[in-house]
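First the structure, in the form of structure tokens, and then the observations on it.
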Protein chains: 2
Amino acid sequence: MINNTSISSEIIKRQINNSGIKNIGLASIREMRKIINKIEEESGQKFIRMEMGVPGLKPPVVAMEAEIESLQSEVSSKYPDIDGIHELKYEISRFAKNFIDIEVSSRSCIPTVGSINGAFISLMVAGRAHKKQDTVLFLDPGFPVHKQLVKMLGLKQTNFDVYNYRGEKLRDKLESFLASENISTILYSNPNNPSWICFTEKELQIIGELANRYNITVLEDLAYFAMDSRTDLSVPGKAPFQPTVARYTDNYVLLISSSKTFNYAGSRIGMMLISDKLFDADFQDLLEYYSSSNFGHAVLFGTIYPTTAGVSHSSQYGLAAILKAVNDGKYKFTYEINEYSERAKIMKSIFCNNGFKLVYDKDEDQPLADGFFFTVSYQGMSGEELVKALFFHGISAISLEATGSERKEGIRACVSQVSQNQFLELEKRLQQFHQDNNVNHKNCHILEHDAAMLAIQAATSSNEVMLSER
Amino acid sequence: MINNTSISSEIIKRQINNSGIKNIGLASIREMRKIINKIEEESGQKFIRMEMGVPGLKPPVVAMEAEIESLQSEVSSKYPDIDGIHELKYEISRFAKNFIDIEVSSRSCIPTVGSINGAFISLMVAGRAHKKQDTVLFLDPGFPVHKQLVKMLGLKQTNFDVYNYRGEKLRDKLESFLASENISTILYSNPNNPSWICFTEKELQIIGELANRYNITVLEDLAYFAMDSRTDLSVPGKAPFQPTVARYTDNYVLLISSSKTFNYAGSRIGMMLISDKLFDADFQDLLEYYSSSNFGHAVLFGTIYPTTAGVSHSSQYGLAAILKAVNDGKYKFTYEINEYSERAKIMKSIFCNNGFKLVYDKDEDQPLADGFFFTVSYQGMSGEELVKALFFHGISAISLEATGSERKEGIRACVSQVSQNQFLELEKRLQQFHQDNNVNHKNCHILEHDAAMLAIQAATSSNEVMLSER
């Protein structure tokens, strides 16, 4: 493999060998991260890091102040209530009304140790509510950790890639799974990780209607809340609102992360919003695992109590303060996360100008939003080969292999760790890659020379051209 | 039922009726708590609250300062490493050496979302390491939430009350369970909740030897670390050390809580110390649930990652600061928790002076330590009846019914929420109780008139005789 980039291919090869990883193209995110850290340390040079979906912005000041105040009032010695402190539950309920336009009473709004903890709790209960319904259906592509979670819990799983089943086509495809009557829950992320597709209202309606008909719980992972850049969700109580299946069924649990939307990943706090109807529902089969057949009781006293006993007290005050500011219209949270869509727009064009194609590119007839992730491919290469080839050019990403996608040629790029002052270097490395791989293929859906130029201008005009960020 | 105490029995009756609880003698802690709050609100008078094991002291200043500093450096936007921040892992490992006198490398020292989360994680892995070993053995009495946890996970459970099997007798009794070869793990708390018995070195050796012989993992819950008042564990690196099964087997996971020992319950952070040998061990049957058969991998990437993705970043800095101060000998943590044993000593004598007997009273031939909990009974009453009768005298406790104890006459009293200025009132209410129940039976193992007098003096000499604490 030819490598004319600034990072020595000797060092890259040696560190891959040292790691014991046989195929860097299929390495997990955390394995890759470990190798890159060592390469950067040895070479003194930086990767363009697109492998990991970690937030790259600062936490809100209002949260920091509220957390500090709560610590000074000694909350750290007191057990928080298992279902969350009153102030936070109240603000989550307001947030649901203001930004999703749904009514969820505060008792059904529960903080969790990150939104992944909400997925765990929901699957523990909804996944076992009907003995005969023993399988989780993933609308893929999806977050590999969700799949790992279902396996770890000992539940069965099935999936399909929605790529060829957008719009009305989704109905028949979904029914072909639901008709077997073994599905307990449907799980998907919206916007989607890794592809950044967003379900349309029509698709959400289909999912909701079928959930009602087949008595299935929908777990809607809103890890990237309000990050569909095509709509502005920043004004409380005013349309547009976050699209959600909750408008079409009462069989839902919404999982909202504060990690990306509020840059609050370190506080390990997410939100679980259970429909009031589901919260109060009884499922006799739960008695095999819990002292009560009631859904809400099984969530709170049956699952949260014996697994974490609730969320860090000070983090709860921090998130309550963020939500209060957002609900009161005093903190426009979308302003900060728009940074990601600006980066995505430019990075997509740099890729497309150098022989890449977008893989997932449309929501029905609309071009995809610019956001946290995007997916690309390069002619003649599988995703696995592409990840490896880019790695030797100092660019890291992951293949779509583990995400349930059928587009095995695709890779996922995350924009959060790539700062604008790295765009010039990204352009340089991709040009080199394209030259090395000798493909004369410029066919990109969003080829925008202007955007590419903008990128380069942004980078060169920056005061800090040194690649100082991770 | 006669009630001459200051809290109106009308109010008590009405609030019990309103709650829908049929039998207050068997109410759960949280149900009872709810009713008491309402009674106190309506009557304007305070219960003597012995039902709930919550810490009653202040969090360490060193933790608060470190947490605040970490928040100011913006850790709340950054995902913590799943296995814990380096500083904390290092200090946990030092703590193990300094106060338990065992070697556990820092990679096997893992922060968890409270020590209950460590129990959950351990059971998820150790409880499924051998397909044929599908049952958890509780050495009872025990913490009811542990039993709930095992049921929720879908694992089988069995138990026996160690009351009649102390010392060498424990061996045969244990073997009668282990011989059936279906036990995966043994779980117990030491000191014990609810009885405050502590296993002796001889007993821990028996448990360790049998764990080796039958290939069983021991989950040792050290929720009340260093709280056996008979020994002073406060000097780092100097004997005596915390007694532990880890001296007798490598098949262990130690679960250390920061809630009571460091008054840090609100930060939701505990410690899981896995023996290095177990951490590295492989169990083929884990592959049904995890991508790796390795114990440590299944714990970190298989269980923690998809259920919480780790512990609040700032809480980790807080606990690291506590442990560093403790390890450096700069913070004598046992000084503060000695308060609990002082309270227990006095409260036990007030009870014993008024017709009560201790239920669990000895560790082999040694009188029990004074600590967080103690257990008492009253002639002619079951635990359930006693809880109810005391409730009408403004004193709350829980029966041993749900703890796996065979001593159905017993109740558990927790000292943490009872301040010394309530002792006079406790004495008054118990005298009234004893008079109402008309039993002329004074036979207490630790009857100490002096201690009772001391209690009354402490209370009357207090500047604040009003019952201001919850």
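Labels for the structure tokens follow display order: chains A, B, ..., residues from 1 in each chain, ligands from 1.
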
Spatial neighbours of Ile207 of chain A, 8 Å, only C-alpha atoms, chain gap at least 5 places, as a VMD selection string:
chain A and resid 171 174 245

Please report, as CSV, each residue of chain A lying at most 8 Å from chain B, together with the nearest pair of atoms and the separation in Å rounded to one decimal; use only C-alpha atoms, and order rows by chain and ascending residue number.
```
residue,atom,partner,partner_atom,distance
A:Val54,CA,B:Tyr79,CA,7.3
A:Pro55,CA,B:Ser77,CA,7.0
A:Gly56,CA,B:Ser77,CA,8.0
A:Leu57,CA,B:Ser77,CA,7.2
A:Lys58,CA,B:Ser77,CA,6.0
A:Pro59,CA,B:Ser77,CA,5.0
A:Met64,CA,B:Leu71,CA,6.3
A:Ile68,CA,B:Ile68,CA,5.8
A:Leu71,CA,B:Met64,CA,6.3
A:Gln72,CA,B:Met64,CA,7.1
A:Glu74,CA,B:Pro59,CA,6.5
A:Val75,CA,B:Gly266,CA,5.9
A:Ser76,CA,B:Gly266,CA,3.9
A:Ser77,CA,B:Tyr264,CA,4.3
A:Lys78,CA,B:Gly266,CA,4.6
A:Tyr79,CA,B:Gly266,CA,4.6
A:Pro80,CA,B:Gly266,CA,5.9
A:Val113,CA,B:Thr308,CA,5.5
A:Gly114,CA,B:Thr308,CA,6.1
A:Ile116,CA,B:Thr307,CA,6.0
A:Asn117,CA,B:Thr307,CA,4.8
A:Ala119,CA,B:Thr307,CA,7.9
A:Phe120,CA,B:Thr307,CA,5.6
A:Val145,CA,B:Pro306,CA,5.9
A:His146,CA,B:Pro306,CA,6.9
A:Gln148,CA,B:Pro306,CA,7.0
A:Leu149,CA,B:Pro306,CA,5.3
A:Lys151,CA,B:Tyr289,CA,5.4
A:Met152,CA,B:Tyr289,CA,4.4
A:Leu153,CA,B:Tyr289,CA,7.2
A:Gly154,CA,B:Tyr289,CA,6.4
A:Ser259,CA,B:Ser77,CA,7.1
A:Asn263,CA,B:Ser77,CA,4.9
A:Tyr264,CA,B:Ser77,CA,4.3
A:Ala265,CA,B:Ser77,CA,5.0
A:Gly266,CA,B:Ser76,CA,3.9
A:Ser267,CA,B:Ser312,CA,4.7
A:Arg268,CA,B:Ser312,CA,5.1
A:Glu288,CA,B:Lys151,CA,7.9
A:Tyr289,CA,B:Met152,CA,4.4
A:Tyr290,CA,B:Met152,CA,6.0
A:Gly302,CA,B:Met152,CA,6.9
A:Thr303,CA,B:Met152,CA,7.3
A:Tyr305,CA,B:Val145,CA,7.8
A:Pro306,CA,B:Leu149,CA,5.3
A:Thr307,CA,B:Asn117,CA,4.8
A:Thr308,CA,B:Asn117,CA,5.0
A:Ala309,CA,B:Ile116,CA,7.4
A:Gly310,CA,B:Arg268,CA,7.5
A:Val311,CA,B:Arg268,CA,6.6
A:Ser312,CA,B:Ser267,CA,4.7
A:His313,CA,B:Gly266,CA,5.1
A:Ser314,CA,B:Ser267,CA,7.1
A:Ser315,CA,B:Ser312,CA,7.9
```

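You can rank B:Ser28, B:Thr217, B:Thr231, B:Asn354 by their closest distance to Glu401 of chain B using only C-alpha atoms, and at the top of that list sits B:Ser28.
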
Please provide as a VMD selection string all residues within 10 Å of Lys132 of chain A, with the sequence filter that same-chain residues fewer than 6 positions apart are discarded (counting only C-alpha atoms).
chain A and resid 181 to 184 285

Output N, CA and C atoms for every residue in the selection just made, as a PDB file, in the first residue's frame.
```pdb
ATOM      1  N   GLU A 181     -45.452 -12.751  15.376  1.00  0.00           N
ATOM      2  CA  GLU A 181     -45.927 -12.571  16.762  1.00  0.00           C
ATOM      3  C   GLU A 181     -44.907 -12.891  17.847  1.00  0.00           C
ATOM      4  N   ASN A 182     -43.622 -12.836  17.499  1.00  0.00           N
ATOM      5  CA  ASN A 182     -42.594 -13.053  18.530  1.00  0.00           C
ATOM      6  C   ASN A 182     -41.841 -11.766  18.873  1.00  0.00           C
ATOM      7  N   ILE A 183     -42.235 -10.666  18.264  1.00  0.00           N
ATOM      8  CA  ILE A 183     -41.523  -9.408  18.511  1.00  0.00           C
ATOM      9  C   ILE A 183     -42.086  -8.702  19.751  1.00  0.00           C
ATOM     10  N   SER A 184     -41.215  -8.381  20.702  1.00  0.00           N
ATOM     11  CA  SER A 184     -41.649  -7.660  21.907  1.00  0.00           C
ATOM     12  C   SER A 184     -41.480  -6.163  21.736  1.00  0.00           C
ATOM     13  N   ASP A 285     -46.844 -11.496  32.877  1.00  0.00           N
ATOM     14  CA  ASP A 285     -45.592 -12.241  32.728  1.00  0.00           C
ATOM     15  C   ASP A 285     -44.406 -11.570  33.428  1.00  0.00           C
TER      16      ASP A 285
END
```

Give me the residues within 12 Å of Pro236 of chain B as a list in words, counting only C-alpha atoms and dropping any in the same chain fewer than 4 places off.
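Those residues are Arg94, Phe95, Ala96, Lys97, Asn98, Phe99, Ile100, Asp101, Asp232, Pro240, Phe241, Gln242, Leu323, Lys324, Ala325, Val326, Asn327, Asp328, Gly329, Lys330, Tyr331, Lys332, Phe333 and Thr334 of chain B.
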
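For Asp365 of chain B, the non-local neighbours within 10 Å, defined as residues at least 4 positions apart in the same chain or in other chains and counting only C-alpha atoms, are Arg166, Gly167 and Asp361 of chain B.
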
Taking into account only C-alpha atoms, which residue in the set B:Ile48, B:Leu386, B:Ile274, B:Leu219 is nearest to Ile398 of chain B?
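Smallest separation from Ile398 of chain B among the options: B:Leu386.
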
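The coordinates place atom CA of Lys388 of chain B at 21.1 Å from atom CA of Asn193 of chain B.
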
Go through A:Thr375, A:Glu175, A:Met347, A:Ser229 one by one, measure the shortest atom-to-atom distance of each to Leu426 of chain A using only C-alpha atoms, and give the residue with the smallest value.
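Smallest separation from Leu426 of chain A among the options: A:Met347.
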
DSSP strand (DSSP E or B) residues within segment 128-196 of chain A, listed as a list in words
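Checking each residue of segment 128-196 of chain A, the strand (DSSP E or B) ones are Thr135, Val136, Leu137, Phe138, Leu139, Asp140, Lys156, Gln157, Thr158, Asn159, Phe160, Asp161, Ile183, Ser184, Thr185, Ile186, Leu187, Tyr188 and Ser189 of chain A.
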
Could you write out the selected residues, including N, CA and C atoms, as an mmCIF file, in the first residue's frame?
```
data_model
loop_
_atom_site.group_PDB
_atom_site.id
_atom_site.type_symbol
_atom_site.label_atom_id
_atom_site.label_comp_id
_atom_site.auth_asym_id
_atom_site.auth_seq_id
_atom_site.Cartn_x
_atom_site.Cartn_y
_atom_site.Cartn_z
ATOM 1 N N THR A 135 -38.375 -11.500 21.145
ATOM 2 C CA THR A 135 -37.388 -11.022 20.174
ATOM 3 C C THR A 135 -37.453 -9.507 20.003
ATOM 4 N N VAL A 136 -36.287 -8.898 19.932
ATOM 5 C CA VAL A 136 -36.192 -7.456 19.690
ATOM 6 C C VAL A 136 -35.921 -7.233 18.201
ATOM 7 N N LEU A 137 -36.694 -6.352 17.593
ATOM 8 C CA LEU A 137 -36.503 -6.040 16.170
ATOM 9 C C LEU A 137 -35.768 -4.707 16.024
ATOM 10 N N PHE A 138 -34.599 -4.756 15.375
ATOM 11 C CA PHE A 138 -33.843 -3.531 15.109
ATOM 12 C C PHE A 138 -34.182 -2.999 13.720
ATOM 13 N N LEU A 139 -34.524 -1.721 13.641
ATOM 14 C CA LEU A 139 -34.627 -1.072 12.335
ATOM 15 C C LEU A 139 -33.240 -0.508 12.034
ATOM 16 N N ASP A 140 -32.501 -1.211 11.198
ATOM 17 C CA ASP A 140 -31.088 -0.931 10.979
ATOM 18 C C ASP A 140 -30.852 -0.033 9.784
ATOM 19 N N LYS A 156 -33.628 -12.600 22.294
ATOM 20 C CA LYS A 156 -33.367 -12.847 20.879
ATOM 21 C C LYS A 156 -33.439 -11.534 20.094
ATOM 22 N N GLN A 157 -32.823 -11.500 18.921
ATOM 23 C CA GLN A 157 -32.899 -10.294 18.107
ATOM 24 C C GLN A 157 -32.987 -10.610 16.627
ATOM 25 N N THR A 158 -33.638 -9.702 15.914
ATOM 26 C CA THR A 158 -33.695 -9.790 14.466
ATOM 27 C C THR A 158 -33.613 -8.359 13.926
ATOM 28 N N ASN A 159 -33.435 -8.226 12.614
ATOM 29 C CA ASN A 159 -33.216 -6.880 12.083
ATOM 30 C C ASN A 159 -33.416 -6.837 10.575
ATOM 31 N N PHE A 160 -33.617 -5.648 10.056
ATOM 32 C CA PHE A 160 -33.455 -5.447 8.621
ATOM 33 C C PHE A 160 -32.950 -4.033 8.381
ATOM 34 N N ASP A 161 -32.279 -3.852 7.244
ATOM 35 C CA ASP A 161 -31.763 -2.554 6.850
ATOM 36 C C ASP A 161 -32.895 -1.814 6.142
ATOM 37 N N ILE A 183 -42.235 -10.666 18.264
ATOM 38 C CA ILE A 183 -41.523 -9.408 18.511
ATOM 39 C C ILE A 183 -42.086 -8.702 19.751
ATOM 40 N N SER A 184 -41.215 -8.381 20.702
ATOM 41 C CA SER A 184 -41.649 -7.660 21.907
ATOM 42 C C SER A 184 -41.480 -6.163 21.736
ATOM 43 N N THR A 185 -40.374 -5.779 21.111
ATOM 44 C CA THR A 185 -40.004 -4.370 21.039
ATOM 45 C C THR A 185 -39.346 -4.070 19.699
ATOM 46 N N ILE A 186 -39.519 -2.824 19.262
ATOM 47 C CA ILE A 186 -38.805 -2.327 18.085
ATOM 48 C C ILE A 186 -37.850 -1.248 18.579
ATOM 49 N N LEU A 187 -36.606 -1.326 18.155
ATOM 50 C CA LEU A 187 -35.616 -0.344 18.606
ATOM 51 C C LEU A 187 -34.930 0.303 17.417
ATOM 52 N N TYR A 188 -34.886 1.629 17.417
ATOM 53 C CA TYR A 188 -34.154 2.358 16.381
ATOM 54 C C TYR A 188 -33.693 3.696 16.945
ATOM 55 N N SER A 189 -32.696 4.282 16.290
ATOM 56 C CA SER A 189 -32.226 5.615 16.653
ATOM 57 C C SER A 189 -32.672 6.606 15.584
#
```

What is the atom CA of Ala344 of chain B to atom CA of Asp370 of chain B distance in Å?
5.4 Å
